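A.B. asks: Got a structure for you, written out below as structure tokens; questions coming shortly.
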Amino acid sequence: MAINFNADGTVSSMSAIATLKKGATCPTERLQQMGIKVRYVLGDMVVLNIPADKLLQLEQIEEFRYVKADEMNHPMNKQARKTTNVEKVNSVEAALAAGLPKAYTGAGVVLGIIDSGIDFNHAAFRNTTDGKTRIVKAITIIDNIKKVYNTEEEIAALTTDLPISHGTVTSTTAGGSDLGNGLQGMAPETDIILCGIGNYSFDSNIVECIKEIFDYATSVGKPAVVNLSIGQVLGLHDGSNITCKSISTLTENGTKPGRAVIISSSNDASNNQSIIKKFNSTDEELKTVLGANSHPTKSEPDQPVAYNTSYCAYADDYGMFSCKLKLVDTTNGKIIELGEHVRDVKTDEPIVNIDLEKDKIFEAITADGRKANIYEWELVGYKLDDPKYRFVLLVTPEKAGQTIKLICNGDGNKEPCFDAPNENGYNFAEAGYTKGNGDFAFSTNICSENVISVGSYVNRIDWIDHDGKEWEMGPSKLTGHGQTVGEIADYSSYGVSDNGVACPTVIAPGEGIISGASNYDTVKFFKVDEPGVPDPQKGLTELCPGVDKYGRKNWFLITGGTSMAAPAVAGIVALWMQANPQLTVKEIREIIKTTSINDEWTTDIGKIPSHNKLQAGYGKIDCLAGLKKILGISTGIETVGADGHREASPATMYSVDAPVYNMMGQRVDKSHRGLVIYKGRKYMNR
């Protein structure tokens, strides 16, 4: 939660979001008289900063229907530019060869990035012509205090909002300048706004940054696209999330010209982090073993069985059900009470009871205005006194026909989140335990058709580090086999939301992205007091060669995640907005749907680790095909009639479910040139 503390550790204030009753207006003056600050109002939402001693006074505000705590969101190149066909549009020579009237670089478009760990003076944010910054506005939120920087001098004095590289990677992936190493971003001539939210990635701060970016774009009369590579998987998946609702308001439900938000789908598909279970009777019980965050291994025999994971559960009717937490002996399946077996990691004090039904049920308001009961609990800082024990979750419905959804955010767990193991002499699957999957572990920020959600596919599997050493990625966590370029990343989240939105919208290169690193990244790379100087005490294998420019070293790194795929799409959308500044979210979704490369999923389901086609969205984004559709340029696919005349047809005639053959009857890829047979008709593919 968004809580501010006094020096002595007591709570000084907290951020919260109130929902106004229908027809009510915000009583701003009365709230301020009470000592409660109104940060901003958006639609029926009021964002508040409340002193700790004023919390109970909120009950006096009749205009408020509901108040909830502000919640934290989490962070979720050359080859990428090639696979998305951006290389064919960025330069004049390539663009003309591809049949475009000119090059597209994002000029005249505002590109906003909201993230943590931004190196505001990386060379990738400067013009290649005069070296001046391309950042037209910078925002930082440090200690939950927002500051805005508008001048080049103010921006030049900035360092970073947080000593990591996540925000630098996403920003340079979307819009990094050409530094001569072939690692520029998708839209290298956009006007950039960077919002560094540090450790304060709360819903209210994210929404405020989106407003800042859109307000600036309005003031200068330009289109704007925003990238958001942070989110959370816990909570209702129905569009009632504060960020979701706000984006719908700010984009006028996806119909506002020149306004779009791109969001990563999350990285939670590969560790069995969700269960959806329909109960046919009240006598049924769901049992699942909760995998540990750490446990003893041969290399680390003294590691305790410890948990550092959060969970949530709710029913499709948003009603009540039973949810209990106990322990299970993994050698014989015996279920036991917590007793003295659970302890606090720090104090070693016993934790004899964790009552989910008494302490962990919260009320929320759904997107359609109903009350929802949600179990939310944390197993954080807990350890077990015996390596054969694990937590076990026992769930029973309130009524027959109820469907219950379980979600876990433990993508970093050593063991699957929801498990039915068969390793210590007892087969849990045979005993009726349920193992999780990845079908519902996606960001709550993307449960709306008013955003573009993005999954990840493998961009590259090897690289050379800053010392010239060669490295290769390990096997897929989900499939166990070596990863291959082009397959969907095993962690790439997907699913269908409670309100029927299929996620992700599209996939883009995200695993094996080489992009800008922050010189202030003291967590992974550099010395604390010497920005940009590699620290040999840290693991530097992901640090790639840098570029000496503007009086400093500008480093690059290799990384992966849907966090990196989303800015690739944001940059491409900026190129599309350069071609048509009036594009709406709904139009962008249609362009993606009709031009993405998707036929390979039919021929090679092995490239989808989950074997669920939802993980592919509409397919791999194709920048060039999208531009041609926007500009009304023939894509090269034409119907050849019986009389020899040709009828222009859209590129979309290659659907996901039909093969393509050459004139000899051999199956070919969609890129095959010349005469082809598709759905029984003859086409000329130029």
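Following the order of the structure tokens, chains are lettered A, B, ..., residues in each are numbered from 1, and ligands are numbered from 1.
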Could you name the residues that touch Leu194 (chain A) at 7 Å or less, counting only C-alpha atoms, but leaving out those on the same chain fewer than 2 positions away, as a ChimeraX atom specification?
C.D. replies: /A:112-114,137-139,192,196
A.B. asks: Would you mind exporting the chosen residues as an mmCIF file, in the first residue's frame, restricted to all heavy atoms?
C.D. replies:
data_model
loop_
_atom_site.group_PDB
_atom_site.id
_atom_site.type_symbol
_atom_site.label_atom_id
_atom_site.label_comp_id
_atom_site.auth_asym_id
_atom_site.auth_seq_id
_atom_site.Cartn_x
_atom_site.Cartn_y
_atom_site.Cartn_z
ATOM 1 N N GLY A 112 5.640 8.611 -24.095
ATOM 2 C CA GLY A 112 5.769 8.670 -22.645
ATOM 3 C C GLY A 112 6.102 7.312 -22.062
ATOM 4 O O GLY A 112 5.530 6.294 -22.460
ATOM 5 N N ILE A 113 7.039 7.296 -21.116
ATOM 6 C CA ILE A 113 7.411 6.061 -20.424
ATOM 7 C C ILE A 113 7.221 6.276 -18.927
ATOM 8 O O ILE A 113 7.749 7.236 -18.353
ATOM 9 C CB ILE A 113 8.885 5.673 -20.691
ATOM 10 C CG1 ILE A 113 9.178 5.613 -22.195
ATOM 11 C CG2 ILE A 113 9.212 4.352 -19.999
ATOM 12 C CD1 ILE A 113 8.519 4.479 -22.924
ATOM 13 N N ILE A 114 6.472 5.396 -18.295
ATOM 14 C CA ILE A 114 6.279 5.437 -16.845
ATOM 15 C C ILE A 114 6.941 4.192 -16.277
ATOM 16 O O ILE A 114 6.535 3.062 -16.578
ATOM 17 C CB ILE A 114 4.778 5.460 -16.493
ATOM 18 C CG1 ILE A 114 4.092 6.651 -17.171
ATOM 19 C CG2 ILE A 114 4.589 5.519 -14.986
ATOM 20 C CD1 ILE A 114 2.581 6.614 -17.082
ATOM 21 N N LYS A 137 10.012 16.650 -21.166
ATOM 22 C CA LYS A 137 9.579 16.783 -19.771
ATOM 23 C C LYS A 137 10.034 15.548 -19.011
ATOM 24 O O LYS A 137 9.955 14.424 -19.535
ATOM 25 C CB LYS A 137 8.055 16.928 -19.676
ATOM 26 C CG LYS A 137 7.532 16.967 -18.231
ATOM 27 C CD LYS A 137 6.007 17.065 -18.165
ATOM 28 C CE LYS A 137 5.559 18.477 -18.428
ATOM 29 N NZ LYS A 137 4.115 18.670 -18.078
ATOM 30 N N ALA A 138 10.518 15.765 -17.798
ATOM 31 C CA ALA A 138 10.884 14.653 -16.918
ATOM 32 C C ALA A 138 10.119 14.797 -15.610
ATOM 33 O O ALA A 138 9.913 15.912 -15.119
ATOM 34 C CB ALA A 138 12.387 14.635 -16.654
ATOM 35 N N ILE A 139 9.692 13.667 -15.070
ATOM 36 C CA ILE A 139 8.960 13.641 -13.807
ATOM 37 C C ILE A 139 9.616 12.611 -12.905
ATOM 38 O O ILE A 139 9.947 11.509 -13.351
ATOM 39 C CB ILE A 139 7.482 13.260 -14.043
ATOM 40 C CG1 ILE A 139 6.819 14.221 -15.029
ATOM 41 C CG2 ILE A 139 6.707 13.232 -12.720
ATOM 42 C CD1 ILE A 139 5.494 13.717 -15.568
ATOM 43 N N ILE A 192 10.244 12.789 -26.064
ATOM 44 C CA ILE A 192 10.153 11.836 -24.960
ATOM 45 C C ILE A 192 9.739 12.526 -23.660
ATOM 46 O O ILE A 192 10.261 13.591 -23.310
ATOM 47 C CB ILE A 192 11.510 11.127 -24.748
ATOM 48 C CG1 ILE A 192 11.909 10.351 -26.005
ATOM 49 C CG2 ILE A 192 11.451 10.189 -23.559
ATOM 50 C CD1 ILE A 192 13.302 9.754 -25.940
ATOM 51 N N GLY A 196 9.803 8.842 -13.866
ATOM 52 C CA GLY A 196 10.482 7.891 -12.995
ATOM 53 C C GLY A 196 9.782 7.821 -11.645
ATOM 54 O O GLY A 196 9.878 8.756 -10.847
#
A.B. asks: Just the alpha helix (DSSP H) stuff from region 201-381 of chain A, please, per backbone DSSP, written as a PyMOL selection string.
C.D. replies: chain A and resi 203-220+242-250+356-359
A.B. asks: Could you list, as a PyMOL selection string, every residue within 12 Å of Gly480 (chain A), counting only C-alpha atoms and ignoring same-chain residues fewer than 4 positions away?
C.D. replies: chain A and resi 270+474-476+490+609
A.B. asks: Emit the selected residues as a tab-separated table (two decimals), in the first residue's frame, including N, CA and C atoms.
C.D. replies:
chain	number	residue	atom	x	y	z
A	270	SER	N	4.70	-19.13	-16.30
A	270	SER	CA	5.52	-20.34	-16.33
A	270	SER	C	5.71	-21.02	-14.98
A	474	GLY	N	19.63	-20.24	-20.78
A	474	GLY	CA	19.32	-21.58	-20.32
A	474	GLY	C	18.01	-22.08	-20.90
A	475	PRO	N	17.61	-23.28	-20.50
A	475	PRO	CA	16.37	-23.87	-21.03
A	475	PRO	C	15.13	-23.18	-20.50
A	476	SER	N	14.03	-23.41	-21.18
A	476	SER	CA	12.74	-22.89	-20.76
A	476	SER	C	12.34	-23.48	-19.42
A	490	ASP	N	8.30	-18.43	-22.29
A	490	ASP	CA	7.48	-19.28	-21.42
A	490	ASP	C	6.73	-18.51	-20.35
A	609	PRO	N	4.73	-22.22	-25.65
A	609	PRO	CA	5.05	-23.10	-24.52
A	609	PRO	C	3.82	-23.62	-23.78
A.B. asks: When you draw a straight line from CA of Phe391 (chain A) to CA of Leu325 (chain A), how long is it in Å?
C.D. replies: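 CA of Leu325 (chain A) lies 6.8 Å from CA of Phe391 (chain A).
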A.B. asks: Env of Val352 (chain A): 12 Å cut, atoms = only C-alpha atoms, seq-sep filter 5 positions within chain, self excluded. Answer as an MDAnalysis selection string.
C.D. replies: chainID A and resid 325:327 336:344 382 384
A.B. asks: Just the residues within 7 Å of Asn272 (chain A), please, counting only C-alpha atoms, with nothing from its chain fewer than 6 positions along; format it as a ChimeraX atom specification.
C.D. replies: /A:416-418,436-438
A.B. asks: Residues near region 569-572 of chain A, anyone? I mean within 8 Å using only C-alpha atoms, not counting same-chain ones fewer than 4 positions away, as a PyMOL selection string.
C.D. replies: chain A and resi 86+106+111+173-175+185-187+225-227+261-262+454+508+565+576+621+623
